[in-house]
$ cat final_8.txt   # compact mmCIF, C-alpha atoms
# COMPACT_ATOMS: atom_id res chain seq x y z
CA MET A 1 3.42 5.23 18.34
CA TYR A 2 -0.10 6.54 18.54
CA VAL A 3 -2.10 3.27 18.38
CA ILE A 4 -2.29 0.75 21.23
CA ALA A 5 -3.87 -2.71 21.10
CA ASN A 6 -6.12 -3.02 24.14
CA GLN A 7 -4.97 -5.46 26.79
CA ALA A 8 -7.38 -8.12 28.02
CA PRO A 9 -9.33 -7.33 31.19
CA ALA A 10 -7.98 -9.10 34.27
CA ALA A 11 -9.24 -9.90 37.74
CA THR A 12 -8.62 -7.09 40.23
CA GLY A 13 -8.92 -8.70 43.61
CA ILE A 14 -12.22 -6.84 44.10
CA PRO A 15 -14.85 -9.60 43.93
CA GLY A 16 -16.54 -9.76 40.53
CA ILE A 17 -14.67 -6.84 38.98
CA GLU A 18 -12.36 -7.17 35.99
CA HIS A 19 -10.35 -4.19 34.80
CA VAL A 20 -8.04 -2.98 32.07
CA THR A 21 -6.55 0.49 31.78
CA LEU A 22 -6.90 1.49 28.13
CA ALA A 23 -4.92 4.72 28.38
CA GLY A 24 -3.19 6.75 31.06
CA SER A 25 0.00 8.30 32.31
CA ASP A 26 2.08 5.24 31.44
CA ASP A 27 1.15 5.90 27.81
CA GLY A 28 2.36 9.49 27.97
CA LEU A 29 -0.97 11.13 28.76
CA ARG A 30 -1.08 13.96 31.28
CA ARG A 31 -4.78 14.81 31.62
CA ILE A 32 -6.87 11.71 30.74
CA SER A 33 -7.21 8.17 32.01
CA VAL A 34 -9.52 5.61 30.40
CA TRP A 35 -10.50 2.39 32.14
CA GLN A 36 -12.64 -0.52 30.97
CA GLN A 37 -14.36 -2.58 33.66
CA SER A 38 -16.77 -5.48 33.92
CA LEU A 39 -18.82 -5.97 37.10
CA ALA A 40 -20.45 -9.38 37.49
CA PRO A 41 -24.07 -9.42 38.71
CA GLY A 42 -24.08 -8.24 42.32
CA ALA A 43 -20.54 -6.86 42.24
CA ALA A 44 -19.90 -3.35 43.50
CA THR A 45 -17.08 -0.88 43.76
CA PRO A 46 -16.30 0.28 47.27
CA PRO A 47 -17.70 3.72 48.06
CA HIS A 48 -14.96 6.13 47.01
CA ARG A 49 -14.17 9.50 45.43
CA HIS A 50 -11.65 11.11 43.10
CA ASP A 51 -10.39 14.69 42.83
CA CYS A 52 -11.20 14.77 39.13
CA GLU A 53 -14.27 14.51 36.93
CA GLU A 54 -15.42 11.05 35.84
CA VAL A 55 -17.65 10.08 32.92
CA VAL A 56 -18.88 6.47 32.75
CA LEU A 57 -20.14 4.99 29.47
CA CYS A 58 -22.34 1.93 29.89
CA ARG A 59 -22.15 -0.67 27.13
CA ALA A 60 -24.20 -3.53 28.64
CA GLY A 61 -25.84 -4.66 31.84
CA ALA A 62 -27.67 -2.64 34.47
CA GLY A 63 -26.08 -0.49 37.13
CA GLU A 64 -26.90 1.74 40.05
CA LEU A 65 -24.97 4.87 40.92
CA HIS A 66 -25.12 5.53 44.66
CA ILE A 67 -24.12 9.14 45.24
CA GLY A 68 -25.01 11.37 48.17
CA GLU A 69 -28.59 10.48 49.10
CA CYS A 70 -29.39 9.46 45.51
CA ILE A 71 -29.56 6.12 43.74
CA GLU A 72 -29.80 6.44 39.96
CA ARG A 73 -30.19 3.45 37.69
CA PHE A 74 -28.46 3.18 34.31
CA GLY A 75 -27.94 0.74 31.47
CA ALA A 76 -26.64 0.40 27.94
CA ASP A 77 -26.51 3.61 25.92
CA MET A 78 -26.58 5.77 29.02
CA THR A 79 -23.82 8.01 30.34
CA VAL A 80 -23.05 8.74 33.99
CA LEU A 81 -21.46 12.02 35.11
CA ILE A 82 -19.69 12.02 38.46
CA PRO A 83 -18.37 15.36 39.77
CA ALA A 84 -14.97 15.64 41.42
CA ASP A 85 -14.70 15.17 45.16
CA VAL A 86 -18.06 13.41 45.61
CA ASP A 87 -18.32 9.95 47.20
CA HIS A 88 -19.96 7.41 44.95
CA GLN A 89 -20.38 3.69 44.40
CA ILE A 90 -21.36 1.66 41.33
CA VAL A 91 -23.35 -1.54 41.78
CA SER A 92 -24.09 -4.15 39.10
CA VAL A 93 -27.81 -4.93 39.48
CA GLY A 94 -28.64 -6.82 36.27
CA LYS A 95 -28.56 -10.47 35.27
CA GLU A 96 -25.58 -9.98 32.96
CA ALA A 97 -22.27 -8.27 33.64
CA LEU A 98 -22.21 -4.48 33.76
CA GLN A 99 -19.78 -3.36 31.03
CA LEU A 100 -18.32 0.10 31.55
CA VAL A 101 -15.76 2.49 30.17
CA ALA A 102 -14.75 5.17 32.67
CA VAL A 103 -13.00 8.37 31.65
CA PHE A 104 -11.19 10.63 34.12
CA SER A 105 -9.87 14.19 33.82
CA ALA A 106 -6.61 13.22 35.54
CA THR A 107 -3.92 10.59 35.24
CA PRO A 108 -3.02 8.76 37.39
CA VAL A 109 -6.38 8.77 39.16
CA ALA A 110 -6.15 9.54 42.87
CA THR A 111 -8.82 7.71 44.87
CA TRP A 112 -10.00 7.99 48.47
CA LEU A 113 -12.40 6.17 50.76
CA PRO A 114 -15.20 8.29 52.26
CA ASP A 115 -13.17 8.58 55.50
CA GLY A 116 -10.33 10.24 53.57
CA ALA A 117 -8.00 7.25 53.51
CA PRO A 118 -6.23 6.94 50.14
CA ILE A 119 -6.92 3.75 48.16
CA GLU A 120 -3.98 2.03 46.51
CA LEU A 121 -5.61 0.92 43.27
CA PRO A 122 -4.67 -2.59 42.15
CA TRP A 123 -4.11 -1.42 38.57
CA ARG A 124 -2.17 1.28 36.74
CA SER A 125 -4.50 4.24 36.62
CA MET B 1 -29.21 14.25 37.76
CA TYR B 2 -26.15 12.16 37.14
CA VAL B 3 -27.41 9.80 34.41
CA ILE B 4 -28.06 10.88 30.82
CA ALA B 5 -29.72 8.79 28.09
CA ASN B 6 -27.50 9.02 25.02
CA GLN B 7 -28.95 10.95 22.11
CA ALA B 8 -29.04 9.34 18.68
CA PRO B 9 -26.14 10.15 16.32
CA ALA B 10 -27.06 12.66 13.64
CA ALA B 11 -25.63 13.79 10.31
CA THR B 12 -23.01 16.52 10.69
CA GLY B 13 -22.74 18.08 7.27
CA ILE B 14 -19.32 16.45 6.93
CA PRO B 15 -19.87 13.75 4.27
CA GLY B 16 -20.29 10.29 5.81
CA ILE B 17 -19.81 11.39 9.43
CA GLU B 18 -22.50 11.07 12.09
CA HIS B 19 -21.93 12.49 15.55
CA VAL B 20 -23.41 12.71 19.02
CA THR B 21 -21.85 14.47 21.99
CA LEU B 22 -22.29 12.10 24.94
CA ALA B 23 -20.98 14.50 27.59
CA GLY B 24 -19.50 17.97 27.75
CA SER B 25 -19.74 21.47 29.10
CA ASP B 26 -23.48 21.70 28.49
CA ASP B 27 -23.83 18.84 30.99
CA GLY B 28 -21.86 20.70 33.65
CA LEU B 29 -18.45 19.19 32.92
CA ARG B 30 -15.39 21.43 33.00
CA ARG B 31 -12.52 19.16 31.92
CA ILE B 32 -13.90 16.31 29.76
CA SER B 33 -15.80 16.02 26.51
CA VAL B 34 -16.93 12.68 25.09
CA TRP B 35 -18.06 12.30 21.48
CA GLN B 36 -19.38 9.28 19.60
CA GLN B 37 -18.88 9.23 15.84
CA SER B 38 -19.51 6.95 12.90
CA LEU B 39 -17.50 7.37 9.69
CA ALA B 40 -18.89 5.61 6.62
CA PRO B 41 -16.39 3.75 4.44
CA GLY B 42 -14.17 6.34 2.76
CA ALA B 43 -15.23 9.20 5.04
CA ALA B 44 -12.57 11.34 6.69
CA THR B 45 -12.31 14.16 9.15
CA PRO B 46 -10.60 17.26 7.83
CA PRO B 47 -7.00 17.60 8.98
CA HIS B 48 -7.21 19.52 12.27
CA ARG B 49 -5.81 19.91 15.77
CA HIS B 50 -6.95 20.63 19.31
CA ASP B 51 -5.17 22.26 22.25
CA CYS B 52 -6.04 19.30 24.49
CA GLU B 53 -5.28 15.59 24.65
CA GLU B 54 -7.54 13.21 22.72
CA VAL B 55 -8.06 9.47 23.22
CA VAL B 56 -10.05 7.58 20.57
CA LEU B 57 -11.63 4.20 21.34
CA CYS B 58 -12.43 2.12 18.27
CA ARG B 59 -15.46 -0.14 18.50
CA ALA B 60 -15.78 -1.35 14.90
CA GLY B 61 -14.47 -0.78 11.41
CA ALA B 62 -10.97 0.07 10.27
CA GLY B 63 -9.31 3.45 10.47
CA GLU B 64 -6.14 5.29 9.63
CA LEU B 65 -4.64 8.02 11.77
CA HIS B 66 -2.68 10.47 9.64
CA ILE B 67 -0.42 12.46 11.94
CA GLY B 68 2.81 14.23 11.08
CA GLU B 69 4.59 12.01 8.56
CA CYS B 70 2.96 8.87 9.99
CA ILE B 71 -0.03 6.79 8.97
CA GLU B 72 -1.08 4.26 11.63
CA ARG B 73 -3.88 1.79 11.08
CA PHE B 74 -6.33 0.82 13.81
CA GLY B 75 -9.47 -1.21 14.34
CA ALA B 76 -11.79 -2.61 16.97
CA ASP B 77 -10.28 -3.04 20.42
CA MET B 78 -7.52 -0.57 19.72
CA THR B 79 -6.99 2.83 21.31
CA VAL B 80 -5.54 5.91 19.62
CA LEU B 81 -3.65 8.59 21.56
CA ILE B 82 -3.41 12.03 20.00
CA PRO B 83 -1.25 14.64 21.74
CA ALA B 84 -2.37 18.23 22.10
CA ASP B 85 -1.48 20.73 19.37
CA VAL B 86 -0.65 18.14 16.70
CA ASP B 87 -2.42 18.14 13.33
CA HIS B 88 -4.18 14.87 12.59
CA GLN B 89 -6.84 13.30 10.42
CA ILE B 90 -8.90 10.12 10.79
CA VAL B 91 -9.92 8.18 7.69
CA SER B 92 -12.39 5.28 7.54
CA VAL B 93 -10.69 2.63 5.39
CA GLY B 94 -12.77 -0.50 6.03
CA LYS B 95 -15.83 -1.98 4.40
CA GLU B 96 -18.06 -1.18 7.36
CA ALA B 97 -18.48 2.09 9.24
CA LEU B 98 -15.72 3.14 11.61
CA GLN B 99 -17.32 3.43 15.07
CA LEU B 100 -15.45 5.66 17.48
CA VAL B 101 -15.70 7.23 20.91
CA ALA B 102 -13.39 10.22 21.32
CA VAL B 103 -12.46 11.63 24.71
CA PHE B 104 -10.93 15.08 25.19
CA SER B 105 -9.20 16.73 28.15
CA ALA B 106 -11.14 19.96 27.62
CA THR B 107 -14.73 21.07 27.13
CA PRO B 108 -15.76 22.66 24.86
CA VAL B 109 -13.15 21.35 22.42
CA ALA B 110 -11.35 24.08 20.52
CA THR B 111 -10.39 22.98 17.00
CA TRP B 112 -8.17 24.50 14.34
CA LEU B 113 -7.26 23.78 10.73
CA PRO B 114 -3.55 23.22 10.04
CA ASP B 115 -3.27 26.85 8.82
CA GLY B 116 -4.43 28.06 12.23
CA ALA B 117 -7.96 29.01 11.24
CA PRO B 118 -10.47 28.06 13.95
CA ILE B 119 -13.13 25.51 12.97
CA GLU B 120 -16.70 26.17 14.08
CA LEU B 121 -17.77 22.63 14.92
CA PRO B 122 -21.27 21.73 13.76
CA TRP B 123 -22.09 20.14 17.14
CA ARG B 124 -21.92 21.02 20.80
CA SER B 125 -18.49 19.99 21.93
$ encode --input "final_8.txt" --output "structure tokens"
Amino acid sequence: MYVIANQAPAATGIPGIEHVTLAGSDDGLRRISVWQQSLAPGAATPPHRHDCEEVVLCRAGAGELHIGECIERFGADMTVLIPADVDHQIVSVGKEALQLVAVFSATPVATWLPDGAPIELPWRS
Amino acid sequence: MYVIANQAPAATGIPGIEHVTLAGSDDGLRRISVWQQSLAPGAATPPHRHDCEEVVLCRAGAGELHIGECIERFGADMTVLIPADVDHQIVSVGKEALQLVAVFSATPVATWLPDGAPIELPWRS
């Protein structure tokens, strides 16, 4: 079976963030994960990093990428490139939810806090 | 710079197919390419294969994946998983354009015809 019907996004336990994994290791992939997330206005990921590349496609809303000493703003029809091994945080700064698809060059997606502590993600990754 | 404004899709020379590369090696990536494509009703990719994994997100329209002896139909809010090294073809079978985002576990994306001849893609990949 090559076609999957997308599951509905679900609450994650992180305030304001809904998530669904569209594709990953549980589907037989070995080198790609794809997540879809919605961040309510004001919601934010924790600062974190991965050991793989990440590309974020923005479908709606307004976001800020906090990375190193930089804050870069993005919105619909913009693409965010996040290198491996760099701490970053995404913040929803608009009046509507920030709608994202995130693509990773690994599956599952290992994730760490800036202090090096591994994060147990509350979803299949 | 971590944020890129998406370019507009452009004609490809393949009848009915418009394309824009949202992210890839020219942007500094080493393990992910992301393409956005629109296939007009009746348009089809040539049969082809890659040596990397591919995940296709369908945003609108109706498509068929032709792969091996299988034909699987897909539409909006469905995800298509295409293993590496397997010949496949995507056909737009709806009344509106088939809107896709394709993600690859390599960049650039090497592509071959079923007879093994390499395809020179008419876009940066």
$ calpha_fit_and_write --input "final_8.txt" --fixed "chain B" --moving "chain A" --output "short mmCIF file (atom, residue, chain, number, x, y, z; two decimals) with C-alpha atoms, in the coordinates of the input"
data_model
loop_
_atom_site.label_atom_id
_atom_site.label_comp_id
_atom_site.auth_asym_id
_atom_site.auth_seq_id
_atom_site.Cartn_x
_atom_site.Cartn_y
_atom_site.Cartn_z
CA MET A 1 -29.17 14.26 37.76
CA TYR A 2 -26.12 12.15 37.15
CA VAL A 3 -27.41 9.79 34.41
CA ILE A 4 -28.06 10.86 30.82
CA ALA A 5 -29.72 8.78 28.09
CA ASN A 6 -27.51 9.02 25.02
CA GLN A 7 -28.95 10.96 22.11
CA ALA A 8 -29.04 9.34 18.67
CA PRO A 9 -26.16 10.15 16.33
CA ALA A 10 -27.07 12.67 13.64
CA ALA A 11 -25.63 13.79 10.33
CA THR A 12 -23.01 16.52 10.69
CA GLY A 13 -22.74 18.08 7.29
CA ILE A 14 -19.30 16.45 6.91
CA PRO A 15 -19.86 13.75 4.27
CA GLY A 16 -20.28 10.31 5.81
CA ILE A 17 -19.81 11.39 9.43
CA GLU A 18 -22.50 11.07 12.08
CA HIS A 19 -21.94 12.50 15.54
CA VAL A 20 -23.41 12.72 19.01
CA THR A 21 -21.85 14.47 21.99
CA LEU A 22 -22.29 12.12 24.94
CA ALA A 23 -20.99 14.51 27.59
CA GLY A 24 -19.50 17.98 27.74
CA SER A 25 -19.74 21.48 29.10
CA ASP A 26 -23.49 21.69 28.50
CA ASP A 27 -23.83 18.85 31.00
CA GLY A 28 -21.86 20.71 33.65
CA LEU A 29 -18.46 19.20 32.93
CA ARG A 30 -15.39 21.43 33.01
CA ARG A 31 -12.52 19.16 31.94
CA ILE A 32 -13.90 16.32 29.76
CA SER A 33 -15.80 16.02 26.51
CA VAL A 34 -16.94 12.68 25.08
CA TRP A 35 -18.06 12.29 21.49
CA GLN A 36 -19.38 9.27 19.60
CA GLN A 37 -18.88 9.24 15.84
CA SER A 38 -19.51 6.95 12.90
CA LEU A 39 -17.49 7.38 9.69
CA ALA A 40 -18.89 5.61 6.63
CA PRO A 41 -16.38 3.75 4.43
CA GLY A 42 -14.16 6.34 2.77
CA ALA A 43 -15.23 9.20 5.03
CA ALA A 44 -12.57 11.34 6.68
CA THR A 45 -12.30 14.16 9.14
CA PRO A 46 -10.59 17.26 7.83
CA PRO A 47 -6.99 17.60 8.98
CA HIS A 48 -7.21 19.51 12.26
CA ARG A 49 -5.80 19.89 15.77
CA HIS A 50 -6.96 20.62 19.31
CA ASP A 51 -5.18 22.24 22.26
CA CYS A 52 -6.04 19.30 24.48
CA GLU A 53 -5.29 15.60 24.64
CA GLU A 54 -7.55 13.21 22.72
CA VAL A 55 -8.06 9.48 23.22
CA VAL A 56 -10.04 7.59 20.56
CA LEU A 57 -11.62 4.21 21.33
CA CYS A 58 -12.42 2.13 18.26
CA ARG A 59 -15.46 -0.14 18.52
CA ALA A 60 -15.79 -1.36 14.90
CA GLY A 61 -14.47 -0.78 11.42
CA ALA A 62 -10.96 0.07 10.27
CA GLY A 63 -9.32 3.46 10.46
CA GLU A 64 -6.13 5.28 9.63
CA LEU A 65 -4.64 8.01 11.78
CA HIS A 66 -2.68 10.46 9.64
CA ILE A 67 -0.41 12.45 11.94
CA GLY A 68 2.82 14.23 11.08
CA GLU A 69 4.58 12.00 8.54
CA CYS A 70 2.96 8.87 9.99
CA ILE A 71 -0.04 6.79 8.97
CA GLU A 72 -1.08 4.27 11.62
CA ARG A 73 -3.88 1.80 11.07
CA PHE A 74 -6.34 0.82 13.81
CA GLY A 75 -9.48 -1.22 14.34
CA ALA A 76 -11.79 -2.62 16.98
CA ASP A 77 -10.29 -3.04 20.44
CA MET A 78 -7.52 -0.57 19.72
CA THR A 79 -6.98 2.83 21.31
CA VAL A 80 -5.53 5.91 19.62
CA LEU A 81 -3.64 8.59 21.57
CA ILE A 82 -3.40 12.03 19.99
CA PRO A 83 -1.25 14.64 21.75
CA ALA A 84 -2.38 18.24 22.10
CA ASP A 85 -1.48 20.72 19.39
CA VAL A 86 -0.65 18.14 16.70
CA ASP A 87 -2.43 18.12 13.32
CA HIS A 88 -4.17 14.86 12.59
CA GLN A 89 -6.84 13.29 10.41
CA ILE A 90 -8.90 10.11 10.80
CA VAL A 91 -9.91 8.17 7.70
CA SER A 92 -12.39 5.27 7.54
CA VAL A 93 -10.67 2.62 5.39
CA GLY A 94 -12.77 -0.50 6.02
CA LYS A 95 -15.85 -1.98 4.38
CA GLU A 96 -18.07 -1.18 7.36
CA ALA A 97 -18.48 2.09 9.24
CA LEU A 98 -15.71 3.14 11.61
CA GLN A 99 -17.32 3.43 15.07
CA LEU A 100 -15.45 5.67 17.48
CA VAL A 101 -15.70 7.23 20.90
CA ALA A 102 -13.40 10.22 21.32
CA VAL A 103 -12.46 11.63 24.71
CA PHE A 104 -10.93 15.08 25.19
CA SER A 105 -9.22 16.72 28.17
CA ALA A 106 -11.15 19.96 27.61
CA THR A 107 -14.73 21.07 27.13
CA PRO A 108 -15.77 22.66 24.86
CA VAL A 109 -13.17 21.35 22.42
CA ALA A 110 -11.35 24.09 20.52
CA THR A 111 -10.39 22.98 17.00
CA TRP A 112 -8.16 24.50 14.33
CA LEU A 113 -7.25 23.78 10.73
CA PRO A 114 -3.53 23.23 10.04
CA ASP A 115 -3.28 26.85 8.81
CA GLY A 116 -4.43 28.09 12.23
CA ALA A 117 -7.97 29.01 11.23
CA PRO A 118 -10.47 28.06 13.95
CA ILE A 119 -13.13 25.50 12.97
CA GLU A 120 -16.69 26.16 14.08
CA LEU A 121 -17.78 22.63 14.92
CA PRO A 122 -21.29 21.73 13.77
CA TRP A 123 -22.10 20.13 17.13
CA ARG A 124 -21.94 21.03 20.82
CA SER A 125 -18.49 19.98 21.92
#
$ interface_residues --input "final_8.txt" --of "chain A" --to "chain B" --cutoff "9 Å" --atoms "only C-alpha atoms" --output "PDB file with C-alpha atoms, in the frame of the given file"
ATOM      1  CA  MET A   1       3.420   5.230  18.340  1.00  0.00           C
ATOM      2  CA  TYR A   2      -0.100   6.540  18.540  1.00  0.00           C
ATOM      3  CA  VAL A   3      -2.100   3.270  18.380  1.00  0.00           C
ATOM      4  CA  ILE A   4      -2.290   0.750  21.230  1.00  0.00           C
ATOM      5  CA  ALA A   5      -3.870  -2.710  21.100  1.00  0.00           C
ATOM      6  CA  ASN A   6      -6.120  -3.020  24.140  1.00  0.00           C
ATOM      7  CA  GLN A   7      -4.970  -5.460  26.790  1.00  0.00           C
ATOM      8  CA  LEU A  22      -6.900   1.490  28.130  1.00  0.00           C
ATOM      9  CA  ALA A  23      -4.920   4.720  28.380  1.00  0.00           C
ATOM     10  CA  ASP A  27       1.150   5.900  27.810  1.00  0.00           C
ATOM     11  CA  GLY A  28       2.360   9.490  27.970  1.00  0.00           C
ATOM     12  CA  LEU A  29      -0.970  11.130  28.760  1.00  0.00           C
ATOM     13  CA  ARG A  30      -1.080  13.960  31.280  1.00  0.00           C
ATOM     14  CA  ARG A  31      -4.780  14.810  31.620  1.00  0.00           C
ATOM     15  CA  ILE A  32      -6.870  11.710  30.740  1.00  0.00           C
ATOM     16  CA  SER A  33      -7.210   8.170  32.010  1.00  0.00           C
ATOM     17  CA  VAL A  34      -9.520   5.610  30.400  1.00  0.00           C
ATOM     18  CA  CYS A  52     -11.200  14.770  39.130  1.00  0.00           C
ATOM     19  CA  GLU A  53     -14.270  14.510  36.930  1.00  0.00           C
ATOM     20  CA  GLU A  54     -15.420  11.050  35.840  1.00  0.00           C
ATOM     21  CA  VAL A  55     -17.650  10.080  32.920  1.00  0.00           C
ATOM     22  CA  LEU A  57     -20.140   4.990  29.470  1.00  0.00           C
ATOM     23  CA  LEU A  65     -24.970   4.870  40.920  1.00  0.00           C
ATOM     24  CA  ILE A  67     -24.120   9.140  45.240  1.00  0.00           C
ATOM     25  CA  GLU A  72     -29.800   6.440  39.960  1.00  0.00           C
ATOM     26  CA  ARG A  73     -30.190   3.450  37.690  1.00  0.00           C
ATOM     27  CA  PHE A  74     -28.460   3.180  34.310  1.00  0.00           C
ATOM     28  CA  GLY A  75     -27.940   0.740  31.470  1.00  0.00           C
ATOM     29  CA  ALA A  76     -26.640   0.400  27.940  1.00  0.00           C
ATOM     30  CA  ASP A  77     -26.510   3.610  25.920  1.00  0.00           C
ATOM     31  CA  MET A  78     -26.580   5.770  29.020  1.00  0.00           C
ATOM     32  CA  THR A  79     -23.820   8.010  30.340  1.00  0.00           C
ATOM     33  CA  VAL A  80     -23.050   8.740  33.990  1.00  0.00           C
ATOM     34  CA  LEU A  81     -21.460  12.020  35.110  1.00  0.00           C
ATOM     35  CA  ILE A  82     -19.690  12.020  38.460  1.00  0.00           C
ATOM     36  CA  PRO A  83     -18.370  15.360  39.770  1.00  0.00           C
ATOM     37  CA  VAL A 103     -13.000   8.370  31.650  1.00  0.00           C
ATOM     38  CA  PHE A 104     -11.190  10.630  34.120  1.00  0.00           C
ATOM     39  CA  SER A 105      -9.870  14.190  33.820  1.00  0.00           C
ATOM     40  CA  ALA A 106      -6.610  13.220  35.540  1.00  0.00           C
TER      41      ALA A 106
END
$ closest_residue --input "final_8.txt" --among "A:Ile17, A:Pro114, A:Leu100, A:Ser92" --to "Trp35 (chain A)" --atoms "all atoms listed in the file"
A:Leu100
$ axis_aligned_box --input "final_8.txt" --around "region 30-43 of chain A" --padding-each-side "6 Å" --output "JSON"
{"center_x": -12.6, "center_y": 2.7, "center_z": 36.4, "size_x": 35.0, "size_y": 36.2, "size_z": 23.9}
$ atom_distance --input "final_8.txt" --atom1 "CA of Leu39 (chain B)" --atom2 "CA of Ala97 (chain B)"
5.4 Å
$ atom_distance --input "final_8.txt" --atom1 "CA of Cys58 (chain B)" --atom2 "CA of Ala62 (chain A)"
22.7 Å
$ atom_distance --input "final_8.txt" --atom1 "CA of Pro41 (chain B)" --atom2 "CA of Gly16 (chain B)"
7.7 Å
$ decode --input "final_8.txt" --residues "region 42-91 of chain A" --atoms "C-alpha atoms" --output "compact mmCIF listing (two decimals), in the first residue's frame"
# COMPACT_ATOMS: atom_id res chain seq x y z
CA GLY A 42 1.11 32.60 21.18
CA ALA A 43 2.04 28.91 21.24
CA ALA A 44 5.69 27.92 20.94
CA THR A 45 7.79 24.82 20.67
CA PRO A 46 10.37 24.41 23.39
CA PRO A 47 13.88 25.35 22.29
CA HIS A 48 15.33 22.13 20.87
CA ARG A 49 17.53 20.59 18.19
CA HIS A 50 17.70 17.52 15.96
CA ASP A 51 20.65 15.69 14.42
CA CYS A 52 19.07 15.90 10.98
CA GLU A 53 18.06 18.61 8.53
CA GLU A 54 14.57 20.11 8.85
CA VAL A 55 12.54 22.00 6.26
CA VAL A 56 9.35 23.75 7.45
CA LEU A 57 6.62 24.71 4.96
CA CYS A 58 4.26 27.40 6.22
CA ARG A 59 0.68 27.22 4.98
CA ALA A 60 -1.00 29.90 7.13
CA GLY A 61 -0.41 32.16 10.09
CA ALA A 62 2.71 34.03 11.12
CA GLY A 63 5.73 32.53 12.84
CA GLU A 64 9.11 33.42 14.24
CA LEU A 65 12.14 31.18 14.03
CA HIS A 66 14.45 31.78 16.98
CA ILE A 67 17.84 30.32 16.12
CA GLY A 68 21.22 31.29 17.51
CA GLU A 69 21.13 35.06 17.98
CA CYS A 70 18.63 35.46 15.12
CA ILE A 71 14.87 35.88 15.00
CA GLU A 72 13.43 35.49 11.50
CA ARG A 73 9.77 36.00 10.74
CA PHE A 74 7.85 33.85 8.27
CA GLY A 75 4.35 33.30 6.96
CA ALA A 76 2.33 31.55 4.29
CA ASP A 77 4.23 30.61 1.15
CA MET A 78 7.57 30.80 2.89
CA THR A 79 9.96 27.95 3.64
CA VAL A 80 12.23 27.64 6.67
CA LEU A 81 15.53 25.74 6.54
CA ILE A 82 16.95 24.52 9.84
CA PRO A 83 20.41 22.90 9.80
CA ALA A 84 21.17 19.78 11.81
CA ASP A 85 22.46 20.16 15.35
CA VAL A 86 21.35 23.79 15.82
CA ASP A 87 19.04 24.83 18.68
CA HIS A 88 15.88 26.49 17.47
CA GLN A 89 12.36 27.41 18.54
CA ILE A 90 9.23 28.23 16.55
CA VAL A 91 6.74 30.74 17.93
